[in-house]
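Text of the file run-v9.cif, holding mmCIF, C-alpha atoms:
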data_coords
loop_
_atom_site.label_atom_id
_atom_site.label_comp_id
_atom_site.auth_asym_id
_atom_site.auth_seq_id
_atom_site.Cartn_x
_atom_site.Cartn_y
_atom_site.Cartn_z
CA MET A 1 131.73 112.71 33.72
CA LYS A 2 128.64 113.28 35.86
CA LYS A 3 130.53 111.91 38.86
CA VAL A 4 133.51 114.23 38.21
CA ARG A 5 131.19 117.24 38.04
CA GLU A 6 129.57 116.11 41.27
CA VAL A 7 133.02 115.88 42.90
CA LEU A 8 133.96 119.36 41.69
CA VAL A 9 130.70 120.88 42.97
CA ARG A 10 131.19 119.24 46.37
CA SER A 11 134.83 120.43 46.41
CA MET A 12 133.68 123.99 45.73
CA LYS A 13 131.13 123.77 48.56
CA GLU A 14 133.80 122.47 50.93
CA MET A 15 136.20 125.23 49.89
CA ILE A 16 133.57 127.89 50.61
CA PHE A 17 133.37 126.36 54.08
CA ILE A 18 137.13 125.99 54.72
CA VAL A 19 138.85 128.91 52.89
CA PRO A 20 137.57 131.73 55.18
CA VAL A 21 138.73 129.78 58.26
CA PHE A 22 142.03 129.16 56.55
CA PHE A 23 142.51 132.86 55.72
CA LEU A 24 141.69 133.89 59.30
CA ALA A 25 144.15 131.29 60.60
CA VAL A 26 146.93 132.63 58.36
CA LEU A 27 146.24 136.19 59.58
CA VAL A 28 146.39 135.13 63.26
CA SER A 29 149.62 133.19 62.71
CA VAL A 30 151.25 136.20 61.01
CA LEU A 31 150.23 138.50 63.90
CA ILE A 32 151.63 136.09 66.49
CA GLU A 33 154.84 135.58 64.54
CA LEU A 34 155.38 139.35 64.26
CA TYR A 35 154.67 140.21 67.88
CA ILE A 36 156.26 137.40 69.96
CA PRO A 37 160.06 137.37 69.68
CA ASP A 38 162.00 134.09 69.75
CA GLN A 39 164.24 135.53 72.48
CA ILE A 40 161.47 135.01 75.07
CA ILE A 41 161.70 131.26 74.52
CA SER A 42 165.47 131.12 74.93
CA ASN A 43 165.26 133.03 78.21
CA LEU A 44 162.72 130.67 79.75
CA LEU A 45 164.19 127.24 79.08
CA GLY A 46 167.64 127.07 80.54
CA LYS A 47 166.52 126.32 84.13
CA ASN A 48 165.69 123.31 86.34
CA LEU A 49 165.11 120.10 84.32
CA LEU A 50 161.91 119.09 86.11
CA ILE A 51 160.39 122.41 85.20
CA ALA A 52 162.22 122.93 81.91
CA ILE A 53 160.98 119.77 80.12
CA PRO A 54 157.24 120.33 80.73
CA LEU A 55 157.75 124.07 80.14
CA ALA A 56 159.58 123.38 76.85
CA ALA A 57 156.73 121.14 75.69
CA VAL A 58 154.11 123.74 76.60
CA LEU A 59 156.09 126.62 75.09
CA GLY A 60 156.71 124.57 71.94
CA ILE A 61 152.95 124.14 71.67
CA ILE A 62 151.75 127.63 72.48
CA LEU A 63 154.48 129.82 71.06
CA PRO A 64 154.55 130.42 67.34
CA ILE A 65 158.08 129.20 66.67
CA SER A 66 158.35 128.36 63.01
CA ARG A 67 159.52 124.85 62.05
CA TYR A 68 162.96 125.96 60.96
CA ALA A 69 163.46 128.47 63.77
CA THR A 70 163.08 125.73 66.40
CA TYR A 71 166.38 124.08 65.54
CA PRO A 72 168.63 127.14 65.94
CA ILE A 73 166.83 128.04 69.21
CA ALA A 74 167.16 124.47 70.49
CA SER A 75 170.81 124.40 69.46
CA VAL A 76 171.51 127.61 71.40
CA LEU A 77 169.73 126.15 74.43
CA LEU A 78 171.84 123.00 74.20
CA SER A 79 175.03 125.04 74.04
CA LYS A 80 173.85 126.97 77.12
CA GLY A 81 173.50 123.74 79.10
CA ALA A 82 169.91 122.64 78.48
CA GLY A 83 169.45 118.86 78.35
CA PHE A 84 168.40 116.73 75.38
CA GLY A 85 165.04 116.23 77.11
CA VAL A 86 164.35 119.98 76.86
CA ILE A 87 165.37 119.96 73.19
CA PHE A 88 163.14 116.95 72.51
CA ALA A 89 160.18 118.52 74.32
CA LEU A 90 160.58 121.85 72.51
CA ILE A 91 160.85 120.30 69.02
CA SER A 92 158.08 117.77 69.61
CA GLY A 93 155.87 120.37 71.30
CA GLU A 94 156.30 122.67 68.34
CA VAL A 95 155.02 120.03 65.91
CA ILE A 96 151.99 119.07 68.03
CA CYS A 97 150.47 122.47 67.26
CA GLU A 98 152.66 123.37 64.34
CA SER A 99 150.56 126.31 63.22
CA VAL A 100 147.31 128.05 64.01
CA ILE A 101 146.32 127.32 60.40
CA ARG A 102 146.57 123.56 60.85
CA ASP A 103 144.91 123.64 64.27
CA LEU A 104 141.88 125.56 63.02
CA VAL A 105 141.54 123.32 59.97
CA GLU A 106 141.83 120.24 62.24
CA ILE A 107 139.13 121.63 64.53
CA LYS A 108 136.91 122.38 61.54
CA TYR A 109 137.29 118.84 60.19
CA PHE A 110 137.37 116.75 63.39
CA GLY A 111 135.83 118.98 66.07
CA ILE A 112 137.11 120.71 69.18
CA LYS A 113 136.67 117.62 71.37
CA PHE A 114 138.94 115.52 69.16
CA PHE A 115 141.51 118.32 68.94
CA SER A 116 141.53 118.95 72.71
CA VAL A 117 141.93 115.28 73.65
CA ARG A 118 144.71 114.84 71.08
CA LEU A 119 146.44 117.97 72.36
CA ILE A 120 146.30 116.90 76.03
CA LEU A 121 147.47 113.35 75.32
CA SER A 122 150.24 114.54 72.98
CA THR A 123 151.51 116.99 75.59
CA LEU A 124 151.64 114.30 78.28
CA PHE A 125 153.39 111.84 75.97
CA VAL A 126 155.90 114.47 74.80
CA ILE A 127 156.78 115.37 78.41
CA ALA A 128 157.24 111.68 79.24
CA GLY A 129 159.36 111.29 76.09
CA GLY A 130 161.48 114.27 77.16
CA PHE A 131 162.32 112.64 80.47
CA LEU A 132 163.01 109.32 78.73
CA ILE A 133 165.43 110.86 76.20
CA GLU A 134 167.13 112.78 79.00
CA PHE A 135 167.77 109.45 80.70
CA LEU A 136 168.90 107.74 77.48
CA LEU A 137 171.34 110.36 76.14
CA MET B 1 152.49 147.99 59.63
CA ILE B 2 149.00 146.97 58.46
CA ALA B 3 150.28 146.75 54.89
CA ASN B 4 153.09 144.52 56.11
CA ILE B 5 150.66 142.24 57.99
CA LEU B 6 148.35 141.99 54.97
CA ASN B 7 151.26 141.37 52.63
CA LEU B 8 152.58 138.52 54.82
CA THR B 9 149.09 137.09 55.31
CA LEU B 10 148.33 137.08 51.58
CA THR B 11 151.74 135.61 50.73
CA ASN B 12 151.30 132.76 53.24
CA PHE B 13 147.66 132.30 52.24
CA PHE B 14 148.42 131.93 48.53
CA ASN B 15 151.43 129.72 49.24
CA ILE B 16 149.34 127.11 51.05
CA LEU B 17 145.99 127.57 49.28
CA PRO B 18 146.84 125.45 46.18
CA ILE B 19 147.83 122.53 48.45
CA LEU B 20 144.58 122.86 50.37
CA VAL B 21 142.53 123.00 47.16
CA ILE B 22 144.21 119.83 45.81
CA ALA B 23 143.69 118.12 49.18
CA VAL B 24 139.98 119.01 49.20
CA ILE B 25 139.43 117.79 45.61
CA ALA B 26 141.37 114.54 46.27
CA SER B 27 139.31 113.92 49.41
CA GLN B 28 136.07 114.49 47.47
CA PHE B 29 137.20 112.00 44.81
CA ALA B 30 137.85 109.47 47.58
CA ASN B 31 134.47 110.32 49.06
CA SER B 32 132.76 109.56 45.74
CA PHE B 33 134.57 106.35 44.89
CA ILE B 34 135.00 104.58 48.25
CA PRO B 35 131.79 102.91 49.43
CA LYS B 36 130.68 103.73 52.99
CA GLY B 37 131.76 101.10 55.51
CA LYS B 38 134.30 99.55 53.13
CA ILE B 39 137.31 100.92 55.01
CA LYS B 40 136.00 99.65 58.34
CA ASN B 41 135.89 96.12 56.95
CA ILE B 42 139.43 96.34 55.59
CA VAL B 43 141.19 98.23 58.41
CA LYS B 44 140.47 96.64 61.77
CA GLU B 45 141.12 98.63 64.94
CA ASP B 46 143.94 96.48 66.35
CA THR B 47 147.45 97.21 67.63
CA LYS B 48 149.06 95.90 64.44
CA ASN B 49 147.15 98.37 62.26
CA ILE B 50 147.73 101.19 64.76
CA ALA B 51 151.48 100.48 64.59
CA LYS B 52 151.32 100.38 60.78
CA ALA B 53 149.47 103.72 60.63
CA SER B 54 152.03 105.27 63.02
CA ALA B 55 154.94 104.02 60.90
CA ILE B 56 153.31 105.24 57.66
CA GLY B 57 152.69 108.62 59.32
CA ILE B 58 156.33 108.91 60.39
CA ALA B 59 157.55 108.06 56.88
CA THR B 60 155.14 110.43 55.13
CA PRO B 61 156.59 113.81 54.14
CA GLY B 62 154.71 117.10 53.88
CA PRO B 63 152.54 119.16 56.20
CA LEU B 64 149.74 117.37 58.06
CA LEU B 65 147.31 120.02 56.82
CA VAL B 66 147.35 118.40 53.38
CA PHE B 67 146.11 115.09 54.76
CA LEU B 68 143.31 116.41 56.98
CA PRO B 69 140.52 116.55 54.34
CA PHE B 70 141.45 113.06 53.13
CA LEU B 71 141.57 111.67 56.69
CA ARG B 72 138.17 113.17 57.40
CA THR B 73 136.77 111.44 54.29
CA LEU B 74 138.30 108.11 55.29
CA ARG B 75 136.94 108.59 58.82
CA ASN B 76 133.46 109.18 57.38
CA LYS B 77 133.88 106.00 55.37
CA GLY B 78 134.53 104.01 58.53
CA LEU B 79 138.26 104.31 59.29
CA PRO B 80 138.64 103.83 63.07
CA ILE B 81 139.51 106.98 65.03
CA SER B 82 142.58 105.32 66.58
CA ILE B 83 144.06 104.68 63.12
CA VAL B 84 143.43 108.32 62.14
CA VAL B 85 145.12 109.55 65.33
CA ALA B 86 148.09 107.18 64.92
CA PHE B 87 148.74 108.50 61.43
CA MET B 88 148.26 112.14 62.43
CA THR B 89 150.54 111.90 65.47
CA GLY B 90 153.29 110.02 63.64
CA GLN B 91 153.08 112.36 60.65
CA ALA B 92 153.18 115.48 62.81
CA LEU B 93 155.98 114.39 65.13
CA ILE B 94 158.51 113.22 62.54
CA GLY B 95 159.04 113.79 58.85
CA PRO B 96 161.77 112.54 56.55
CA MET B 97 162.85 116.13 55.86
CA ARG B 98 163.71 116.62 59.52
CA LEU B 99 166.38 113.92 59.37
CA PHE B 100 169.05 116.20 57.90
CA LEU B 101 168.28 119.13 60.18
CA GLU B 102 168.18 117.10 63.37
CA VAL B 103 171.21 114.98 62.62
CA GLY B 104 173.10 118.12 61.67
CA TYR B 105 172.19 119.94 64.87
CA PHE B 106 171.98 117.18 67.50
CA GLY B 107 173.54 114.00 66.11
CA ILE B 108 172.21 110.72 64.76
CA MET B 109 171.38 109.19 68.15
CA PHE B 110 169.06 112.07 69.07
CA PHE B 111 167.14 111.55 65.82
CA VAL B 112 167.00 107.75 66.27
CA TYR B 113 165.64 108.08 69.82
CA ARG B 114 163.17 110.74 68.71
CA VAL B 115 161.83 108.46 65.96
CA ILE B 116 161.46 105.55 68.42
CA ILE B 117 159.74 107.73 71.03
CA ALA B 118 157.50 109.32 68.36
CA PHE B 119 156.48 105.85 67.17
CA LEU B 120 155.62 104.76 70.72
CA THR B 121 153.85 108.08 71.35
CA ALA B 122 151.68 107.67 68.24
CA ILE B 123 150.74 104.12 69.28
CA GLY B 124 150.10 105.20 72.89
CA ILE B 125 147.85 108.11 71.92
CA ALA B 126 145.98 105.96 69.39
CA ILE B 127 145.34 103.26 72.04
CA CYS B 128 144.07 105.95 74.43
CA PHE B 129 141.70 107.16 71.69
CA LYS B 130 140.56 103.58 71.07
CA PHE B 131 139.42 103.29 74.68
CA LEU B 132 138.19 106.88 74.98
CA GLY B 133 136.15 106.33 71.83
CA LYS B 134 133.95 103.98 73.87
CA VAL B 135 132.90 106.79 76.21
CA ILE B 136 133.40 109.93 74.11
CA LYS B 137 131.92 110.35 70.65
CA PHE B 138 134.63 111.89 68.43
#

This structure in structure tokens:
Amino acid sequence: MKKVREVLVRSMKEMIFIVPVFFLAVLVSVLIELYIPDQIISNLLGKNLLIAIPLAAVLGIILPISRYATYPIASVLLSKGAGFGVIFALISGEVICESVIRDLVEIKYFGIKFFSVRLILSTLFVIAGGFLIEFLL
Amino acid sequence: MIANILNLTLTNFFNILPILVIAVIASQFANSFIPKGKIKNIVKEDTKNIAKASAIGIATPGPLLVFLPFLRTLRNKGLPISIVVAFMTGQALIGPMRLFLEVGYFGIMFFVYRVIIAFLTAIGIAICFKFLGKVIKF
């Protein structure tokens, strides 16, 4: 019982530390979602493959496309002639930095150095994967 | 407009908050009951375990956010950074729920290739972290 109380006290302390960050992250994600239209993404990705795959990965990462909005956008891009590599890079890029909320919580728990290295490596691997899938399909 | 922003923010906040609270409490339970260093002795930092962590990550449903407090606790208890990264990358890149969406939109082969590439990506990034961990303190 003493141990359970100890756990609950530590949980409360951790929540005091994480909940304000979490609330701020939700607010930022809402602002981004409201002010950046999905149409911008569609307009940018239908071009040259060598540019489009890295661009799709980067846009997937930085733009606040919601998980379920990525698929209709990617589907439209495919129908407009974008390759599977672009689709792969966009979808995979989107999940690397799925939301500002997760990113800030990850930074709070593991540090900015860890987050930055993971982000850079993930981006490079996703771009490489995009070219690979373009070749395979 | 401000009312709209606040309304959306509070709705999203209270939707995810219970998950975060459960995740924090679960991680604190793990913190209390797992002895320090125990994990390090059980989970060695080799390619086999990195591959296992990647595969478990890929097969695990739900948002990665839920697992972050728990992963941090396991990391503090000695879980190698490469294993943490393998799980995180696999879990983030693919989820079982995406199967239906992706197959529906782009066909089964796209999903199969994406799973294979995600698996290799998770292993690749984890191996990079294993070596980087020798020069950078994460």

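Closest approach to Leu65 (chain B) among B:Leu17, B:Met1, B:Ala53, B:Met97: B:Leu17, based on all atoms listed in the file.
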
Since I can't run it myself right now, could you work out what the PyMOL selection byres ((chain B) within 7 of (chain A)) selects here and report it as a list of chain:residue names?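 Listing what the PyMOL selection byres ((chain B) within 7 of (chain A)) selects in the shown file: B:Ile5, B:Leu8, B:Thr9, B:Asn12, B:Phe13, B:Val24, B:Ile25, B:Gln28, B:Phe29, B:Ser32, B:Leu65, B:Leu68, B:Arg72, B:Ala92, B:Leu93, B:Tyr105, B:Tyr113, B:Ile117, B:Thr121, B:Ile125, B:Phe138.
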
Would you mind exporting the chosen residues as a PDB file, keeping the file's coordinate frame, restricted to C-alpha atoms?
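Final output, selection.pdb:
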ATOM      1  CA  ILE B   5     150.660 142.240  57.990  1.00  0.00           C
ATOM      2  CA  LEU B   8     152.580 138.520  54.820  1.00  0.00           C
ATOM      3  CA  THR B   9     149.090 137.090  55.310  1.00  0.00           C
ATOM      4  CA  ASN B  12     151.300 132.760  53.240  1.00  0.00           C
ATOM      5  CA  PHE B  13     147.660 132.300  52.240  1.00  0.00           C
ATOM      6  CA  VAL B  24     139.980 119.010  49.200  1.00  0.00           C
ATOM      7  CA  ILE B  25     139.430 117.790  45.610  1.00  0.00           C
ATOM      8  CA  GLN B  28     136.070 114.490  47.470  1.00  0.00           C
ATOM      9  CA  PHE B  29     137.200 112.000  44.810  1.00  0.00           C
ATOM     10  CA  SER B  32     132.760 109.560  45.740  1.00  0.00           C
ATOM     11  CA  LEU B  65     147.310 120.020  56.820  1.00  0.00           C
ATOM     12  CA  LEU B  68     143.310 116.410  56.980  1.00  0.00           C
ATOM     13  CA  ARG B  72     138.170 113.170  57.400  1.00  0.00           C
ATOM     14  CA  ALA B  92     153.180 115.480  62.810  1.00  0.00           C
ATOM     15  CA  LEU B  93     155.980 114.390  65.130  1.00  0.00           C
ATOM     16  CA  TYR B 105     172.190 119.940  64.870  1.00  0.00           C
ATOM     17  CA  TYR B 113     165.640 108.080  69.820  1.00  0.00           C
ATOM     18  CA  ILE B 117     159.740 107.730  71.030  1.00  0.00           C
ATOM     19  CA  THR B 121     153.850 108.080  71.350  1.00  0.00           C
ATOM     20  CA  ILE B 125     147.850 108.110  71.920  1.00  0.00           C
ATOM     21  CA  PHE B 138     134.630 111.890  68.430  1.00  0.00           C
TER      22      PHE B 138
END

Have a look at CA of Thr123 (chain A) and CA of Lys80 (chain A) and let me know their distance in Å, one decimal. 24.5 Å

Since I can't run it myself right now, could you work out what the PyMOL selection byres ((chain B and resi 115) around 10) selects here and report it as a ChimeraX atom specification? /B:55,58,90,93-95,99,109-114,116-121

For CA of Val21 (chain A) and CA of Pro69 (chain B), quote the distance in Å rounded to one decimal.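 Between CA of Val21 (chain A) and CA of Pro69 (chain B) the gap is 13.9 Å.
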
Record the distance separating CA of Leu49 (chain A) and CA of Gly83 (chain A), expressed in Å with one decimal.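 CA of Gly83 (chain A) lies at a distance of 7.5 Å from CA of Leu49 (chain A).
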
Would you list the contacts of Arg75 (chain B) as an MDAnalysis selection string, taking every protein, DNA or RNA residue within 8 Å and counting all atoms listed in the file, but skipping same-chain residues closer than 5 positions in sequence? chainID B and resid 80:81 84

B:Ile56, B:Val66, B:Ile34, B:Leu79: which is nearest Ile16 (chain B), counting all atoms listed in the file?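 Using all atoms listed in the file, Ile16 (chain B) sits closest to B:Val66.
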
Judged by all atoms listed in the file, the minimum distance to Lys13 (chain A) among B:Phe33, B:Val21, B:Met88, B:Asn76 is found for B:Val21

All residues 9 Å or closer to Thr47 (chain B), all atoms listed in the file, same chain fewer than 4 positions away omitted, as a list of chain:residue names: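 Counting only the stated atoms, we get B:Ala51, B:Lys52, B:Ile123, B:Ile127.
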
Which centre and edge lengths in Å to one decimal define the box along x, y and z that fits every listed atom of region 3-20 of chain A plus 6 Å per side, as AutoDock Vina command-line options?
--center_x 134.2 --center_y 121.8 --center_z 46.6 --size_x 21.3 --size_y 31.8 --size_z 29.1

Skipping near chain neighbours, those fewer than 3 positions away, what residues fall within 8 Å of Leu74 (chain B) using only C-alpha atoms, listed as a list in words?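 Listing them by chain and then by number gives Ala30, Asn31, Ile39, Phe70, Leu71, Lys77, Gly78 and Leu79 of chain B.
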
Can you list what the PyMOL selection byres ((chain B and resi 61) around 6) grabs from this structure, as a list of chain:residue names?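 Here the PyMOL selection byres ((chain B and resi 61) around 6) matches B:Thr60, B:Gly62, B:Gly95, B:Pro96.
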
Kindly output region 11-22 of chain A as a compact mmCIF listing (two decimals), in the frame of the given file, after building all heavy atoms.
# COMPACT_ATOMS: atom_id res chain seq x y z
N SER A 11 133.55 119.81 46.03
CA SER A 11 134.83 120.43 46.41
C SER A 11 134.66 121.94 46.58
O SER A 11 135.17 122.53 47.53
CB SER A 11 135.89 120.17 45.35
OG SER A 11 136.11 118.80 45.20
N MET A 12 133.92 122.54 45.65
CA MET A 12 133.68 123.99 45.73
C MET A 12 132.93 124.34 47.02
O MET A 12 133.27 125.29 47.72
CB MET A 12 132.84 124.47 44.52
CG MET A 12 133.63 124.64 43.24
SD MET A 12 135.04 125.74 43.39
CE MET A 12 134.22 127.29 43.68
N LYS A 13 131.91 123.53 47.33
CA LYS A 13 131.13 123.77 48.56
C LYS A 13 132.03 123.68 49.79
O LYS A 13 131.94 124.48 50.71
CB LYS A 13 129.99 122.75 48.66
CG LYS A 13 128.80 123.10 47.81
CD LYS A 13 127.68 122.10 48.03
CE LYS A 13 126.53 122.36 47.06
NZ LYS A 13 125.59 121.23 47.01
N GLU A 14 132.91 122.66 49.78
CA GLU A 14 133.80 122.47 50.93
C GLU A 14 134.80 123.62 51.03
O GLU A 14 135.14 124.07 52.12
CB GLU A 14 134.53 121.14 50.83
CG GLU A 14 135.33 120.86 52.09
CD GLU A 14 135.62 119.40 52.30
OE1 GLU A 14 135.04 118.56 51.64
OE2 GLU A 14 136.47 119.13 53.18
N MET A 15 135.24 124.12 49.87
CA MET A 15 136.20 125.23 49.89
C MET A 15 135.55 126.51 50.41
O MET A 15 136.19 127.27 51.14
CB MET A 15 136.79 125.44 48.51
CG MET A 15 137.97 124.51 48.27
SD MET A 15 138.70 124.80 46.70
CE MET A 15 138.31 123.35 45.82
N ILE A 16 134.29 126.71 50.09
CA ILE A 16 133.57 127.89 50.61
C ILE A 16 133.53 127.81 52.14
O ILE A 16 133.63 128.80 52.85
CB ILE A 16 132.15 127.98 50.01
CG1 ILE A 16 132.26 128.33 48.52
CG2 ILE A 16 131.27 128.98 50.74
CD1 ILE A 16 130.98 128.15 47.74
N PHE A 17 133.45 126.59 52.64
CA PHE A 17 133.37 126.36 54.08
C PHE A 17 134.75 126.49 54.75
O PHE A 17 134.87 127.02 55.84
CB PHE A 17 132.74 124.96 54.25
CG PHE A 17 133.05 124.18 55.48
CD1 PHE A 17 132.31 124.35 56.63
CD2 PHE A 17 134.03 123.20 55.47
CE1 PHE A 17 132.56 123.57 57.75
CE2 PHE A 17 134.29 122.42 56.58
CZ PHE A 17 133.54 122.61 57.72
N ILE A 18 135.82 126.07 54.06
CA ILE A 18 137.13 125.99 54.72
C ILE A 18 138.03 127.21 54.43
O ILE A 18 138.85 127.58 55.28
CB ILE A 18 137.84 124.65 54.37
CG1 ILE A 18 138.86 124.29 55.45
CG2 ILE A 18 138.46 124.63 53.00
CD1 ILE A 18 138.28 123.80 56.72
N VAL A 19 137.92 127.83 53.26
CA VAL A 19 138.85 128.91 52.89
C VAL A 19 138.77 130.13 53.82
O VAL A 19 139.82 130.64 54.23
CB VAL A 19 138.71 129.29 51.39
CG1 VAL A 19 139.45 130.58 51.06
CG2 VAL A 19 139.27 128.16 50.53
N PRO A 20 137.59 130.59 54.24
CA PRO A 20 137.57 131.73 55.18
C PRO A 20 138.27 131.41 56.51
O PRO A 20 139.00 132.25 57.04
CB PRO A 20 136.08 131.99 55.41
CG PRO A 20 135.40 131.37 54.26
CD PRO A 20 136.23 130.21 53.84
N VAL A 21 138.06 130.20 57.01
CA VAL A 21 138.73 129.78 58.26
C VAL A 21 140.24 129.78 58.05
O VAL A 21 141.02 130.24 58.89
CB VAL A 21 138.28 128.34 58.66
CG1 VAL A 21 138.98 127.88 59.91
CG2 VAL A 21 136.79 128.30 58.83
N PHE A 22 140.62 129.26 56.90
CA PHE A 22 142.03 129.16 56.55
C PHE A 22 142.67 130.55 56.47
O PHE A 22 143.75 130.79 57.01
CB PHE A 22 142.13 128.40 55.22
CG PHE A 22 143.50 128.32 54.65
CD1 PHE A 22 144.50 127.65 55.33
CD2 PHE A 22 143.81 128.89 53.43
CE1 PHE A 22 145.77 127.57 54.80
CE2 PHE A 22 145.07 128.81 52.90
CZ PHE A 22 146.05 128.15 53.58
